[in-house]
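*Asks:* Here you go, this is my_file.pdb (PDB, C-alpha atoms).
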```pdb
ATOM      1  CA  MET A   1      20.902  -1.727 -19.008  1.00  0.00           C
ATOM      2  CA  LYS A   2      21.263  -3.003 -15.441  1.00  0.00           C
ATOM      3  CA  ARG A   3      18.257  -0.997 -14.238  1.00  0.00           C
ATOM      4  CA  HIS A   4      16.034  -2.647 -16.840  1.00  0.00           C
ATOM      5  CA  GLN A   5      17.293  -6.067 -15.806  1.00  0.00           C
ATOM      6  CA  ILE A   6      16.439  -5.378 -12.157  1.00  0.00           C
ATOM      7  CA  ILE A   7      12.943  -4.220 -13.131  1.00  0.00           C
ATOM      8  CA  LEU A   8      12.286  -7.346 -15.220  1.00  0.00           C
ATOM      9  CA  GLU A   9      13.632  -9.706 -12.550  1.00  0.00           C
ATOM     10  CA  LYS A  10      11.453  -8.093  -9.881  1.00  0.00           C
ATOM     11  CA  LEU A  11       8.431  -8.138 -12.197  1.00  0.00           C
ATOM     12  CA  ALA A  12       8.941 -11.844 -12.888  1.00  0.00           C
ATOM     13  CA  LYS A  13       8.677 -12.514  -9.148  1.00  0.00           C
ATOM     14  CA  GLU A  14       5.860 -10.110  -8.240  1.00  0.00           C
ATOM     15  CA  LYS A  15       3.797  -9.936 -11.485  1.00  0.00           C
ATOM     16  CA  HIS A  16       2.897  -6.268 -10.811  1.00  0.00           C
ATOM     17  CA  LEU A  17       5.121  -3.311  -9.868  1.00  0.00           C
ATOM     18  CA  GLU A  18       4.450   0.228  -8.701  1.00  0.00           C
ATOM     19  CA  VAL A  19       6.457   3.229  -9.982  1.00  0.00           C
ATOM     20  CA  LEU A  20       6.971   4.544  -6.440  1.00  0.00           C
ATOM     21  CA  ASP A  21       8.410   1.222  -5.259  1.00  0.00           C
ATOM     22  CA  LEU A  22      10.820   1.149  -8.207  1.00  0.00           C
ATOM     23  CA  CYS A  23      11.917   4.733  -7.491  1.00  0.00           C
ATOM     24  CA  GLU A  24      12.831   3.727  -3.953  1.00  0.00           C
ATOM     25  CA  LEU A  25      14.525   0.495  -5.017  1.00  0.00           C
ATOM     26  CA  LEU A  26      16.618   2.051  -7.793  1.00  0.00           C
ATOM     27  CA  ASP A  27      17.030   5.533  -6.267  1.00  0.00           C
ATOM     28  CA  VAL A  28      15.861   7.363  -9.397  1.00  0.00           C
ATOM     29  CA  SER A  29      12.996   9.710 -10.215  1.00  0.00           C
ATOM     30  CA  ALA A  30       9.495   8.716 -11.303  1.00  0.00           C
ATOM     31  CA  VAL A  31      10.176  10.314 -14.694  1.00  0.00           C
ATOM     32  CA  THR A  32      13.132   7.951 -15.205  1.00  0.00           C
ATOM     33  CA  ILE A  33      11.130   4.881 -14.157  1.00  0.00           C
ATOM     34  CA  ARG A  34       8.247   5.761 -16.481  1.00  0.00           C
ATOM     35  CA  LYS A  35      10.704   6.149 -19.344  1.00  0.00           C
ATOM     36  CA  ASP A  36      12.202   2.740 -18.512  1.00  0.00           C
ATOM     37  CA  LEU A  37       8.769   1.142 -18.452  1.00  0.00           C
ATOM     38  CA  ARG A  38       7.819   2.709 -21.769  1.00  0.00           C
ATOM     39  CA  LEU A  39      10.999   1.350 -23.395  1.00  0.00           C
ATOM     40  CA  LEU A  40      10.434  -2.114 -21.940  1.00  0.00           C
ATOM     41  CA  GLU A  41       6.821  -2.094 -23.115  1.00  0.00           C
ATOM     42  CA  GLU A  42       7.935  -1.152 -26.641  1.00  0.00           C
ATOM     43  CA  LYS A  43      10.147  -4.251 -26.576  1.00  0.00           C
ATOM     44  CA  GLY A  44       7.139  -6.377 -25.564  1.00  0.00           C
ATOM     45  CA  LEU A  45       8.604  -7.252 -22.151  1.00  0.00           C
ATOM     46  CA  LEU A  46       5.821  -5.825 -19.954  1.00  0.00           C
ATOM     47  CA  TYR A  47       2.564  -3.873 -19.953  1.00  0.00           C
ATOM     48  CA  ARG A  48       2.321  -0.413 -18.449  1.00  0.00           C
ATOM     49  CA  THR A  49      -0.570   0.230 -16.060  1.00  0.00           C
ATOM     50  CA  HIS A  50      -1.705   3.239 -14.056  1.00  0.00           C
ATOM     51  CA  GLY A  51       1.201   3.948 -11.705  1.00  0.00           C
ATOM     52  CA  GLY A  52       3.171   0.840 -12.583  1.00  0.00           C
ATOM     53  CA  ALA A  53       3.695  -2.185 -14.791  1.00  0.00           C
ATOM     54  CA  SER A  54       2.275  -5.688 -15.154  1.00  0.00           C
ATOM     55  CA  LEU A  55       3.668  -8.913 -16.551  1.00  0.00           C
ATOM     56  CA  ASP A  56       0.237  -9.810 -17.900  1.00  0.00           C
ATOM     57  CA  ASN A  57      -1.987  -7.962 -20.327  1.00  0.00           C
ATOM     58  CA  PRO A  58      -4.149  -5.623 -18.185  1.00  0.00           C
ATOM     59  CA  TYR A  59      -7.129  -6.105 -20.499  1.00  0.00           C
ATOM     60  CA  ILE A  60      -8.941  -9.286 -19.530  1.00  0.00           C
ATOM     61  CA  ASN A  61     -10.889 -11.710 -21.700  1.00  0.00           C
ATOM     62  CA  GLU A  62     -13.558 -13.939 -20.207  1.00  0.00           C
ATOM     63  CA  LYS A  63     -12.507 -17.381 -18.970  1.00  0.00           C
ATOM     64  CA  ALA A  64     -14.718 -20.297 -17.952  1.00  0.00           C
ATOM     65  CA  ILE A  65     -15.046 -20.860 -14.219  1.00  0.00           C
ATOM     66  CA  GLY A  66     -13.353 -24.273 -14.516  1.00  0.00           C
ATOM     67  CA  GLU A  67     -10.263 -22.578 -15.929  1.00  0.00           C
ATOM     68  CA  LYS A  68     -10.320 -19.739 -13.366  1.00  0.00           C
ATOM     69  CA  GLU A  69     -10.576 -22.217 -10.477  1.00  0.00           C
ATOM     70  CA  LYS A  70      -7.062 -23.452 -11.271  1.00  0.00           C
ATOM     71  CA  ILE A  71      -5.487 -19.983 -10.981  1.00  0.00           C
ATOM     72  CA  SER A  72      -3.980 -18.744  -7.657  1.00  0.00           C
ATOM     73  CA  VAL A  73      -5.756 -21.490  -5.718  1.00  0.00           C
ATOM     74  CA  GLU A  74      -3.846 -21.099  -2.431  1.00  0.00           C
ATOM     75  CA  GLU A  75      -4.206 -17.316  -2.507  1.00  0.00           C
ATOM     76  CA  LYS A  76      -7.945 -17.498  -3.165  1.00  0.00           C
ATOM     77  CA  ASN A  77      -8.505 -20.002  -0.354  1.00  0.00           C
ATOM     78  CA  GLY A  78      -6.499 -17.845   2.078  1.00  0.00           C
ATOM     79  CA  ILE A  79      -8.518 -14.762   1.113  1.00  0.00           C
ATOM     80  CA  ALA A  80     -11.774 -16.698   1.428  1.00  0.00           C
ATOM     81  CA  GLU A  81     -10.897 -18.071   4.875  1.00  0.00           C
ATOM     82  CA  CYS A  82      -9.975 -14.576   6.059  1.00  0.00           C
ATOM     83  CA  ALA A  83     -13.230 -13.133   4.705  1.00  0.00           C
ATOM     84  CA  ALA A  84     -15.313 -15.790   6.460  1.00  0.00           C
ATOM     85  CA  ARG A  85     -14.101 -14.461   9.830  1.00  0.00           C
ATOM     86  CA  LEU A  86     -15.893 -11.172   9.124  1.00  0.00           C
ATOM     87  CA  ILE A  87     -19.312 -12.813   9.218  1.00  0.00           C
ATOM     88  CA  ASP A  88     -21.112 -12.007  12.474  1.00  0.00           C
ATOM     89  CA  GLU A  89     -23.700 -13.861  14.521  1.00  0.00           C
ATOM     90  CA  ASN A  90     -27.181 -13.667  12.965  1.00  0.00           C
ATOM     91  CA  ASP A  91     -25.690 -11.852   9.991  1.00  0.00           C
ATOM     92  CA  SER A  92     -27.224 -11.203   6.578  1.00  0.00           C
ATOM     93  CA  ILE A  93     -24.780 -11.132   3.672  1.00  0.00           C
ATOM     94  CA  LEU A  94     -24.620 -10.917  -0.092  1.00  0.00           C
ATOM     95  CA  ILE A  95     -22.208 -13.136  -2.023  1.00  0.00           C
ATOM     96  CA  ALA A  96     -21.579 -12.299  -5.672  1.00  0.00           C
ATOM     97  CA  SER A  97     -20.173 -14.669  -8.299  1.00  0.00           C
ATOM     98  CA  GLY A  98     -16.605 -15.712  -9.106  1.00  0.00           C
ATOM     99  CA  THR A  99     -14.097 -18.288  -7.927  1.00  0.00           C
ATOM    100  CA  THR A 100     -12.799 -16.335  -4.907  1.00  0.00           C
ATOM    101  CA  VAL A 101     -16.230 -15.677  -3.403  1.00  0.00           C
ATOM    102  CA  GLN A 102     -17.184 -19.228  -4.344  1.00  0.00           C
ATOM    103  CA  ALA A 103     -14.244 -20.358  -2.184  1.00  0.00           C
ATOM    104  CA  LEU A 104     -15.640 -18.224   0.654  1.00  0.00           C
ATOM    105  CA  SER A 105     -18.687 -20.479   0.867  1.00  0.00           C
ATOM    106  CA  LYS A 106     -16.459 -23.436   1.819  1.00  0.00           C
ATOM    107  CA  PHE A 107     -15.246 -21.623   4.954  1.00  0.00           C
ATOM    108  CA  ILE A 108     -18.576 -20.280   6.235  1.00  0.00           C
ATOM    109  CA  LYS A 109     -19.383 -21.685   9.693  1.00  0.00           C
ATOM    110  CA  PRO A 110     -22.426 -19.751  10.946  1.00  0.00           C
ATOM    111  CA  LYS A 111     -22.557 -18.292  14.441  1.00  0.00           C
ATOM    112  CA  ASN A 112     -26.174 -19.149  15.223  1.00  0.00           C
ATOM    113  CA  LYS A 113     -28.245 -18.131  12.160  1.00  0.00           C
ATOM    114  CA  LEU A 114     -27.076 -16.673   8.853  1.00  0.00           C
ATOM    115  CA  THR A 115     -28.921 -15.323   5.821  1.00  0.00           C
ATOM    116  CA  VAL A 116     -27.111 -15.527   2.484  1.00  0.00           C
ATOM    117  CA  ILE A 117     -28.304 -13.892  -0.729  1.00  0.00           C
ATOM    118  CA  THR A 118     -26.322 -14.948  -3.786  1.00  0.00           C
ATOM    119  CA  SER A 119     -26.279 -15.013  -7.556  1.00  0.00           C
ATOM    120  CA  SER A 120     -23.934 -18.023  -7.604  1.00  0.00           C
ATOM    121  CA  LEU A 121     -25.257 -21.547  -8.016  1.00  0.00           C
ATOM    122  CA  TYR A 122     -21.940 -22.912  -6.757  1.00  0.00           C
ATOM    123  CA  VAL A 123     -22.252 -20.968  -3.495  1.00  0.00           C
ATOM    124  CA  VAL A 124     -25.724 -22.458  -2.956  1.00  0.00           C
ATOM    125  CA  ILE A 125     -24.406 -25.987  -3.584  1.00  0.00           C
ATOM    126  CA  HIS A 126     -21.748 -25.492  -0.885  1.00  0.00           C
ATOM    127  CA  LEU A 127     -24.174 -24.069   1.686  1.00  0.00           C
ATOM    128  CA  ILE A 128     -27.425 -25.936   1.101  1.00  0.00           C
ATOM    129  CA  HIS A 129     -26.778 -28.760   3.597  1.00  0.00           C
ATOM    130  CA  ASP A 130     -26.307 -26.376   6.550  1.00  0.00           C
ATOM    131  CA  LYS A 131     -29.761 -25.883   8.093  1.00  0.00           C
ATOM    132  CA  SER A 132     -28.605 -22.838  10.091  1.00  0.00           C
ATOM    133  CA  ILE A 133     -28.154 -20.927   6.806  1.00  0.00           C
ATOM    134  CA  GLU A 134     -31.187 -19.365   5.143  1.00  0.00           C
ATOM    135  CA  ILE A 135     -30.451 -18.987   1.426  1.00  0.00           C
ATOM    136  CA  LEU A 136     -32.071 -16.616  -1.034  1.00  0.00           C
ATOM    137  CA  GLN A 137     -31.013 -17.682  -4.516  1.00  0.00           C
ATOM    138  CA  LEU A 138     -31.397 -14.840  -6.992  1.00  0.00           C
ATOM    139  CA  GLY A 139     -33.253 -15.800 -10.148  1.00  0.00           C
ATOM    140  CA  GLY A 140     -32.713 -15.047 -13.817  1.00  0.00           C
ATOM    141  CA  TYR A 141     -30.704 -16.233 -16.772  1.00  0.00           C
ATOM    142  CA  ILE A 142     -27.765 -18.479 -15.905  1.00  0.00           C
ATOM    143  CA  ARG A 143     -24.333 -17.630 -17.303  1.00  0.00           C
ATOM    144  CA  HIS A 144     -22.705 -20.947 -18.190  1.00  0.00           C
ATOM    145  CA  SER A 145     -19.205 -19.506 -17.936  1.00  0.00           C
ATOM    146  CA  SER A 146     -19.665 -18.430 -14.301  1.00  0.00           C
ATOM    147  CA  GLY A 147     -22.491 -20.574 -12.960  1.00  0.00           C
ATOM    148  CA  SER A 148     -24.326 -17.450 -11.826  1.00  0.00           C
ATOM    149  CA  VAL A 149     -27.528 -15.599 -12.657  1.00  0.00           C
ATOM    150  CA  ILE A 150     -28.010 -12.214 -14.306  1.00  0.00           C
ATOM    151  CA  GLY A 151     -30.950 -10.097 -15.408  1.00  0.00           C
ATOM    152  CA  SER A 152     -33.937  -8.067 -14.245  1.00  0.00           C
ATOM    153  CA  TYR A 153     -35.447 -10.746 -11.982  1.00  0.00           C
ATOM    154  CA  ALA A 154     -32.340 -10.793  -9.797  1.00  0.00           C
ATOM    155  CA  GLU A 155     -32.144  -6.992  -9.837  1.00  0.00           C
ATOM    156  CA  HIS A 156     -35.791  -6.718  -8.727  1.00  0.00           C
ATOM    157  CA  ILE A 157     -35.166  -8.911  -5.672  1.00  0.00           C
ATOM    158  CA  LEU A 158     -32.114  -6.860  -4.697  1.00  0.00           C
ATOM    159  CA  ALA A 159     -34.147  -3.664  -4.826  1.00  0.00           C
ATOM    160  CA  ASN A 160     -36.207  -5.001  -1.919  1.00  0.00           C
ATOM    161  CA  VAL A 161     -33.532  -6.296   0.464  1.00  0.00           C
ATOM    162  CA  SER A 162     -30.776  -4.874   2.664  1.00  0.00           C
ATOM    163  CA  CYS A 163     -27.721  -6.713   4.000  1.00  0.00           C
ATOM    164  CA  SER A 164     -24.824  -5.900   6.280  1.00  0.00           C
ATOM    165  CA  LYS A 165     -22.062  -6.964   3.894  1.00  0.00           C
ATOM    166  CA  LEU A 166     -21.385  -7.703   0.236  1.00  0.00           C
ATOM    167  CA  PHE A 167     -18.515 -10.040  -0.598  1.00  0.00           C
ATOM    168  CA  LEU A 168     -17.578  -9.128  -4.152  1.00  0.00           C
ATOM    169  CA  GLY A 169     -15.158 -10.796  -6.541  1.00  0.00           C
ATOM    170  CA  VAL A 170     -13.767  -8.949  -9.569  1.00  0.00           C
ATOM    171  CA  ASP A 171     -11.815  -9.676 -12.742  1.00  0.00           C
ATOM    172  CA  GLY A 172      -9.899  -6.390 -12.675  1.00  0.00           C
ATOM    173  CA  LEU A 173      -8.997  -3.666 -10.211  1.00  0.00           C
ATOM    174  CA  ASP A 174      -7.455  -0.484 -11.606  1.00  0.00           C
ATOM    175  CA  PHE A 175      -7.010   2.880  -9.858  1.00  0.00           C
ATOM    176  CA  ASP A 176      -8.398   4.896 -12.767  1.00  0.00           C
ATOM    177  CA  TYR A 177     -11.020   2.492 -14.120  1.00  0.00           C
ATOM    178  CA  GLY A 178     -12.131   0.971 -10.811  1.00  0.00           C
ATOM    179  CA  LEU A 179     -13.561  -2.526 -10.387  1.00  0.00           C
ATOM    180  CA  SER A 180     -14.549  -4.481 -13.468  1.00  0.00           C
ATOM    181  CA  THR A 181     -15.817  -7.788 -14.803  1.00  0.00           C
ATOM    182  CA  THR A 182     -16.093  -9.369 -18.236  1.00  0.00           C
ATOM    183  CA  ASN A 183     -19.889  -9.190 -18.604  1.00  0.00           C
ATOM    184  CA  LEU A 184     -22.070  -6.053 -18.828  1.00  0.00           C
ATOM    185  CA  GLU A 185     -25.142  -7.628 -17.221  1.00  0.00           C
ATOM    186  CA  GLU A 186     -23.082  -9.047 -14.374  1.00  0.00           C
ATOM    187  CA  ALA A 187     -21.603  -5.592 -13.762  1.00  0.00           C
ATOM    188  CA  GLN A 188     -25.130  -4.157 -13.628  1.00  0.00           C
ATOM    189  CA  LEU A 189     -26.200  -6.816 -11.113  1.00  0.00           C
ATOM    190  CA  ASN A 190     -23.089  -6.117  -9.026  1.00  0.00           C
ATOM    191  CA  ARG A 191     -24.070  -2.431  -8.877  1.00  0.00           C
ATOM    192  CA  LYS A 192     -27.489  -3.425  -7.514  1.00  0.00           C
ATOM    193  CA  MET A 193     -25.691  -5.521  -4.900  1.00  0.00           C
ATOM    194  CA  LEU A 194     -23.594  -2.508  -3.896  1.00  0.00           C
ATOM    195  CA  ALA A 195     -26.781  -0.539  -3.255  1.00  0.00           C
ATOM    196  CA  ALA A 196     -28.242  -3.346  -1.110  1.00  0.00           C
ATOM    197  CA  ALA A 197     -25.256  -3.671   1.250  1.00  0.00           C
ATOM    198  CA  GLN A 198     -23.967  -1.461   4.040  1.00  0.00           C
ATOM    199  CA  LYS A 199     -20.343  -2.589   3.706  1.00  0.00           C
ATOM    200  CA  ILE A 200     -18.542  -3.579   0.493  1.00  0.00           C
ATOM    201  CA  ILE A 201     -15.733  -6.105   0.867  1.00  0.00           C
ATOM    202  CA  VAL A 202     -13.727  -6.970  -2.262  1.00  0.00           C
ATOM    203  CA  LEU A 203     -11.975 -10.330  -2.423  1.00  0.00           C
ATOM    204  CA  ALA A 204      -9.178 -10.157  -5.013  1.00  0.00           C
ATOM    205  CA  ASP A 205      -5.815 -11.860  -5.298  1.00  0.00           C
ATOM    206  CA  SER A 206      -2.897  -9.630  -6.270  1.00  0.00           C
ATOM    207  CA  SER A 207      -2.906 -10.780  -9.905  1.00  0.00           C
ATOM    208  CA  LYS A 208      -6.057  -8.649 -10.415  1.00  0.00           C
ATOM    209  CA  PHE A 209      -4.320  -5.319  -9.656  1.00  0.00           C
ATOM    210  CA  GLY A 210      -3.737  -2.965 -12.557  1.00  0.00           C
ATOM    211  CA  LYS A 211      -6.120  -4.924 -14.802  1.00  0.00           C
ATOM    212  CA  LYS A 212      -9.218  -3.786 -16.657  1.00  0.00           C
ATOM    213  CA  SER A 213     -12.072  -5.866 -17.944  1.00  0.00           C
ATOM    214  CA  PHE A 214     -14.841  -4.977 -20.386  1.00  0.00           C
ATOM    215  CA  ALA A 215     -17.569  -3.935 -17.956  1.00  0.00           C
ATOM    216  CA  LYS A 216     -16.991  -1.438 -15.156  1.00  0.00           C
ATOM    217  CA  ILE A 217     -18.683  -2.157 -11.828  1.00  0.00           C
ATOM    218  CA  CYS A 218     -17.805   0.919  -9.790  1.00  0.00           C
ATOM    219  CA  ASP A 219     -15.072   3.325  -8.708  1.00  0.00           C
ATOM    220  CA  LEU A 220     -12.747   2.365  -5.876  1.00  0.00           C
ATOM    221  CA  ASP A 221     -14.215   4.964  -3.524  1.00  0.00           C
ATOM    222  CA  GLN A 222     -17.348   2.821  -3.206  1.00  0.00           C
ATOM    223  CA  ILE A 223     -15.588  -0.050  -1.439  1.00  0.00           C
ATOM    224  CA  HIS A 224     -14.727  -0.279   2.254  1.00  0.00           C
ATOM    225  CA  GLU A 225     -12.305  -3.178   2.537  1.00  0.00           C
ATOM    226  CA  LEU A 226     -10.013  -5.184   0.269  1.00  0.00           C
ATOM    227  CA  ILE A 227      -8.861  -8.668   1.227  1.00  0.00           C
ATOM    228  CA  THR A 228      -5.899  -9.834  -0.831  1.00  0.00           C
ATOM    229  CA  ASP A 229      -2.691 -11.866  -0.601  1.00  0.00           C
ATOM    230  CA  LYS A 230       0.885 -10.979   0.299  1.00  0.00           C
ATOM    231  CA  GLY A 231       1.717 -10.303  -3.347  1.00  0.00           C
ATOM    232  CA  ILE A 232       0.450  -6.728  -2.922  1.00  0.00           C
ATOM    233  CA  SER A 233       3.223  -4.120  -2.722  1.00  0.00           C
ATOM    234  CA  ALA A 234       3.701  -1.632   0.111  1.00  0.00           C
ATOM    235  CA  GLY A 235       3.168   1.214  -2.364  1.00  0.00           C
ATOM    236  CA  LEU A 236      -0.150  -0.196  -3.486  1.00  0.00           C
ATOM    237  CA  ILE A 237      -1.322  -0.696   0.096  1.00  0.00           C
ATOM    238  CA  LYS A 238      -0.551   2.967   0.765  1.00  0.00           C
ATOM    239  CA  LYS A 239      -2.561   4.065  -2.295  1.00  0.00           C
ATOM    240  CA  PHE A 240      -5.593   2.042  -1.183  1.00  0.00           C
ATOM    241  CA  GLU A 241      -5.383   3.367   2.366  1.00  0.00           C
ATOM    242  CA  GLU A 242      -5.160   6.936   1.085  1.00  0.00           C
ATOM    243  CA  LYS A 243      -8.549   6.292  -0.544  1.00  0.00           C
ATOM    244  CA  GLY A 244      -9.933   5.195   2.822  1.00  0.00           C
ATOM    245  CA  ILE A 245      -9.939   1.488   1.928  1.00  0.00           C
ATOM    246  CA  LYS A 246      -8.906  -0.973   4.621  1.00  0.00           C
ATOM    247  CA  VAL A 247      -6.432  -3.536   3.264  1.00  0.00           C
ATOM    248  CA  THR A 248      -6.288  -6.982   4.867  1.00  0.00           C
ATOM    249  CA  ILE A 249      -3.560  -9.395   3.789  1.00  0.00           C
ATOM    250  CA  ALA A 250      -4.539 -13.045   4.065  1.00  0.00           C
ATOM    251  CA  GLU A 251      -2.179 -15.920   4.672  1.00  0.00           C
ATOM    252  CA  HIS A 252      -2.283 -18.955   2.395  1.00  0.00           C
ATOM    253  CA  SER A 253      -4.885 -21.456   3.537  1.00  0.00           C
ATOM    254  CA  ARG A 254      -3.437 -24.705   4.842  1.00  0.00           C
TER     255      ARG A 254
END
```
What do you get writing this file as structure tokens?
*Replies:*
Amino acid sequence: MKRHQIILEKLAKEKHLEVLDLCELLDVSAVTIRKDLRLLEEKGLLYRTHGGASLDNPYINEKAIGEKEKISVEEKNGIAECAARLIDENDSILIASGTTVQALSKFIKPKNKLTVITSSLYVVIHLIHDKSIEILQLGGYIRHSSGSVIGSYAEHILANVSCSKLFLGVDGLDFDYGLSTTNLEEAQLNRKMLAAAQKIIVLADSSKFGKKSFAKICDLDQIHELITDKGISAGLIKKFEEKGIKVTIAEHSR
């Protein structure tokens, strides 16, 4: 069927599609598109997600940070560079773990003084030589796969601090399930970070949309801003904005 061919060709280019966008493109109803997606999924050609379809399995298994660093490198660097511009003079920020927020640390150029609280050893390594940055490294057990700490020691510190912004990376972002990561203890630590920050900024490339990982962090209504790449669809931007989430599209870093 020609309609199925168009869907698959578009999915191959964009990796994730929204039902509403396909309705507009093909001039058919949402019921028809959902039926098409179900048939294509039964043939093993795509995965259905909430409100759309994905080329990749929406259920994520854990990958080592060395492997994740090689995925969507230009997109992650563009998102990180864009996020760094949100840091104010004499700011205090939280940086979680993950390759996108790790990339953020490479673009941080403090305006006067900056306080950074982080669970990521890699973030500390990038920032430690800048004497204008005061670093609070959270303590606890180190996850080898992510190079970050987890556990009650880190959570205790977070219960006694307050920051202006949290820069949070995620493994999955789904409209029903919310934000998620592959590790339960990391998700718990992320929730403590949410409580310690006044503004929650999620850094996620468009490959994360429509995906779910094992451990839920929070619902989407708890975040304030999403910084992503140009792979996000117009329909998805509209859905985020309807939830009151500001969407910023970053250019690829040069």
*Asks:* Under the rule that only C-alpha atoms are counted, which of A:Val202, A:Met193, A:Leu40, A:Ile108 is the nearest residue to A:Asp171?
*Replies:*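 Closest to A:Asp171, using only C-alpha atoms: A:Val202.
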*Asks:* Quick one: residues within 10 Å of A:Leu220, all atoms listed in the file counted, chain neighbours fewer than 6 positions away excluded, as a list in words?
*Replies:* Leu173, Asp174, Phe175, Asp176, Tyr177, Gly178, Leu179, Phe240, Lys243, Gly244 and Ile245 of chain A
*Asks:* Would you mind telling me which residue in A:Ile87, A:Ile237, A:Leu94, A:Ile201 lies nearest to A:Ser119 when using only C-alpha atoms?
*Replies:* A:Leu94
*Asks:* For the file shown, report as a ChimeraX atom specification the outcome of the PyMOL selection byres ((chain A and resi 164) around 12) at residue level.
*Replies:* /A:86-95,114-117,161-163,165-167,193-201
*Asks:* Taking all atoms listed in the file into account, which of A:Leu55, A:Leu203, A:Val170, A:Ile232 comes nearest A:Leu104?
*Replies:*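 Of A:Leu55, A:Leu203, A:Val170, A:Ile232, the one nearest A:Leu104, counting all atoms listed in the file, is A:Leu203.
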*Asks:* Would you mind telling me which residue in A:Gly51, A:Gly151, A:Gly44, A:Gly98 lies nearest to A:Lys239 when using all atoms listed in the file?
*Replies:*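 Result for the nearest residue to A:Lys239: A:Gly51.
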*Asks:* Give me the stretch 217-249 of chain A side of the contact with stretch 180-189 of chain A, cut-off 12 Å, one line per residue showing its nearest atom pair and distance in Å at one decimal, counting only C-alpha atoms, sorted by chain and residue number, as CSV.
*Replies:*
```
residue,atom,partner,partner_atom,distance
A:Ile217,CA,A:Ala187,CA,4.9
A:Cys218,CA,A:Ser180,CA,7.3
A:Asp219,CA,A:Ser180,CA,9.2
A:Leu220,CA,A:Ser180,CA,10.4
```
*Asks:* Keeping C-alpha atoms, export the residues of the selection given above as a PDB file, in the frame of the given file.
*Replies:*
```pdb
ATOM      1  CA  ILE A 217     -18.683  -2.157 -11.828  1.00  0.00           C
ATOM      2  CA  CYS A 218     -17.805   0.919  -9.790  1.00  0.00           C
ATOM      3  CA  ASP A 219     -15.072   3.325  -8.708  1.00  0.00           C
ATOM      4  CA  LEU A 220     -12.747   2.365  -5.876  1.00  0.00           C
TER       5      LEU A 220
END
```
*Asks:* Do you have the atom CA of A:Asp221-atom CA of A:Gly52 distance handy?
*Replies:*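 For atom CA of A:Asp221 relative to atom CA of A:Gly52, the distance reads 20.0 Å.
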*Asks:* Using all atoms listed in the file, can you tell me which of A:Ile125, A:Ala234, A:Val149, A:Ile157 comes closest to A:Leu22?
*Replies:*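 Closest to A:Leu22 of all the choices is A:Ala234.
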*Asks:* Please write as a VMD selection string the list of polymer residues whose atoms come within 10 Å of (3.9, 0.9, -19.6), counting all atoms listed in the file and keeping to the coordinates of the file.
*Replies:* chain A and resid 33 to 42 44 to 54
*Asks:* Write a file of the just-selected residues containing C-alpha atoms, as a JSON list (two decimals), in the coordinates of the input.
*Replies:*
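What landed in again14.json:
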```
[["chain", "number", "residue", "atom", "x", "y", "z"],
["A", 33, "ILE", "CA", 11.13, 4.88, -14.16],
["A", 34, "ARG", "CA", 8.25, 5.76, -16.48],
["A", 35, "LYS", "CA", 10.70, 6.15, -19.34],
["A", 36, "ASP", "CA", 12.20, 2.74, -18.51],
["A", 37, "LEU", "CA", 8.77, 1.14, -18.45],
["A", 38, "ARG", "CA", 7.82, 2.71, -21.77],
["A", 39, "LEU", "CA", 11.00, 1.35, -23.40],
["A", 40, "LEU", "CA", 10.43, -2.11, -21.94],
["A", 41, "GLU", "CA", 6.82, -2.09, -23.12],
["A", 42, "GLU", "CA", 7.94, -1.15, -26.64],
["A", 44, "GLY", "CA", 7.14, -6.38, -25.56],
["A", 45, "LEU", "CA", 8.60, -7.25, -22.15],
["A", 46, "LEU", "CA", 5.82, -5.82, -19.95],
["A", 47, "TYR", "CA", 2.56, -3.87, -19.95],
["A", 48, "ARG", "CA", 2.32, -0.41, -18.45],
["A", 49, "THR", "CA", -0.57, 0.23, -16.06],
["A", 50, "HIS", "CA", -1.70, 3.24, -14.06],
["A", 51, "GLY", "CA", 1.20, 3.95, -11.70],
["A", 52, "GLY", "CA", 3.17, 0.84, -12.58],
["A", 53, "ALA", "CA", 3.70, -2.18, -14.79],
["A", 54, "SER", "CA", 2.28, -5.69, -15.15]]
```
*Asks:* Could you work out how far atom CA of A:Gly139 lies from atom CA of A:Ser120, giving the answer in Å with one decimal?
*Replies:*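 So the answer is 9.9 Å.
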*Asks:* What is the atom CA of A:Lys43 to atom CA of A:His4 distance in Å?
*Replies:*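 It comes out at 11.5 Å.
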*Asks:* Please tell me which residues are no farther than 8 Å from (1.7, -9.6, -7.4) in the file, counting only C-alpha atoms, and write them as a short mmCIF file (atom, residue, chain, number, x, y, z; two decimals) with C-alpha atoms, in the frame of the given file.
*Replies:*
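Listing of result-v3.cif after writing:
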```
data_model
loop_
_atom_site.label_atom_id
_atom_site.label_comp_id
_atom_site.auth_asym_id
_atom_site.auth_seq_id
_atom_site.Cartn_x
_atom_site.Cartn_y
_atom_site.Cartn_z
CA LYS A 13 8.68 -12.51 -9.15
CA GLU A 14 5.86 -10.11 -8.24
CA LYS A 15 3.80 -9.94 -11.48
CA HIS A 16 2.90 -6.27 -10.81
CA LEU A 17 5.12 -3.31 -9.87
CA SER A 206 -2.90 -9.63 -6.27
CA SER A 207 -2.91 -10.78 -9.90
CA PHE A 209 -4.32 -5.32 -9.66
CA LYS A 230 0.88 -10.98 0.30
CA GLY A 231 1.72 -10.30 -3.35
CA ILE A 232 0.45 -6.73 -2.92
CA SER A 233 3.22 -4.12 -2.72
#
```
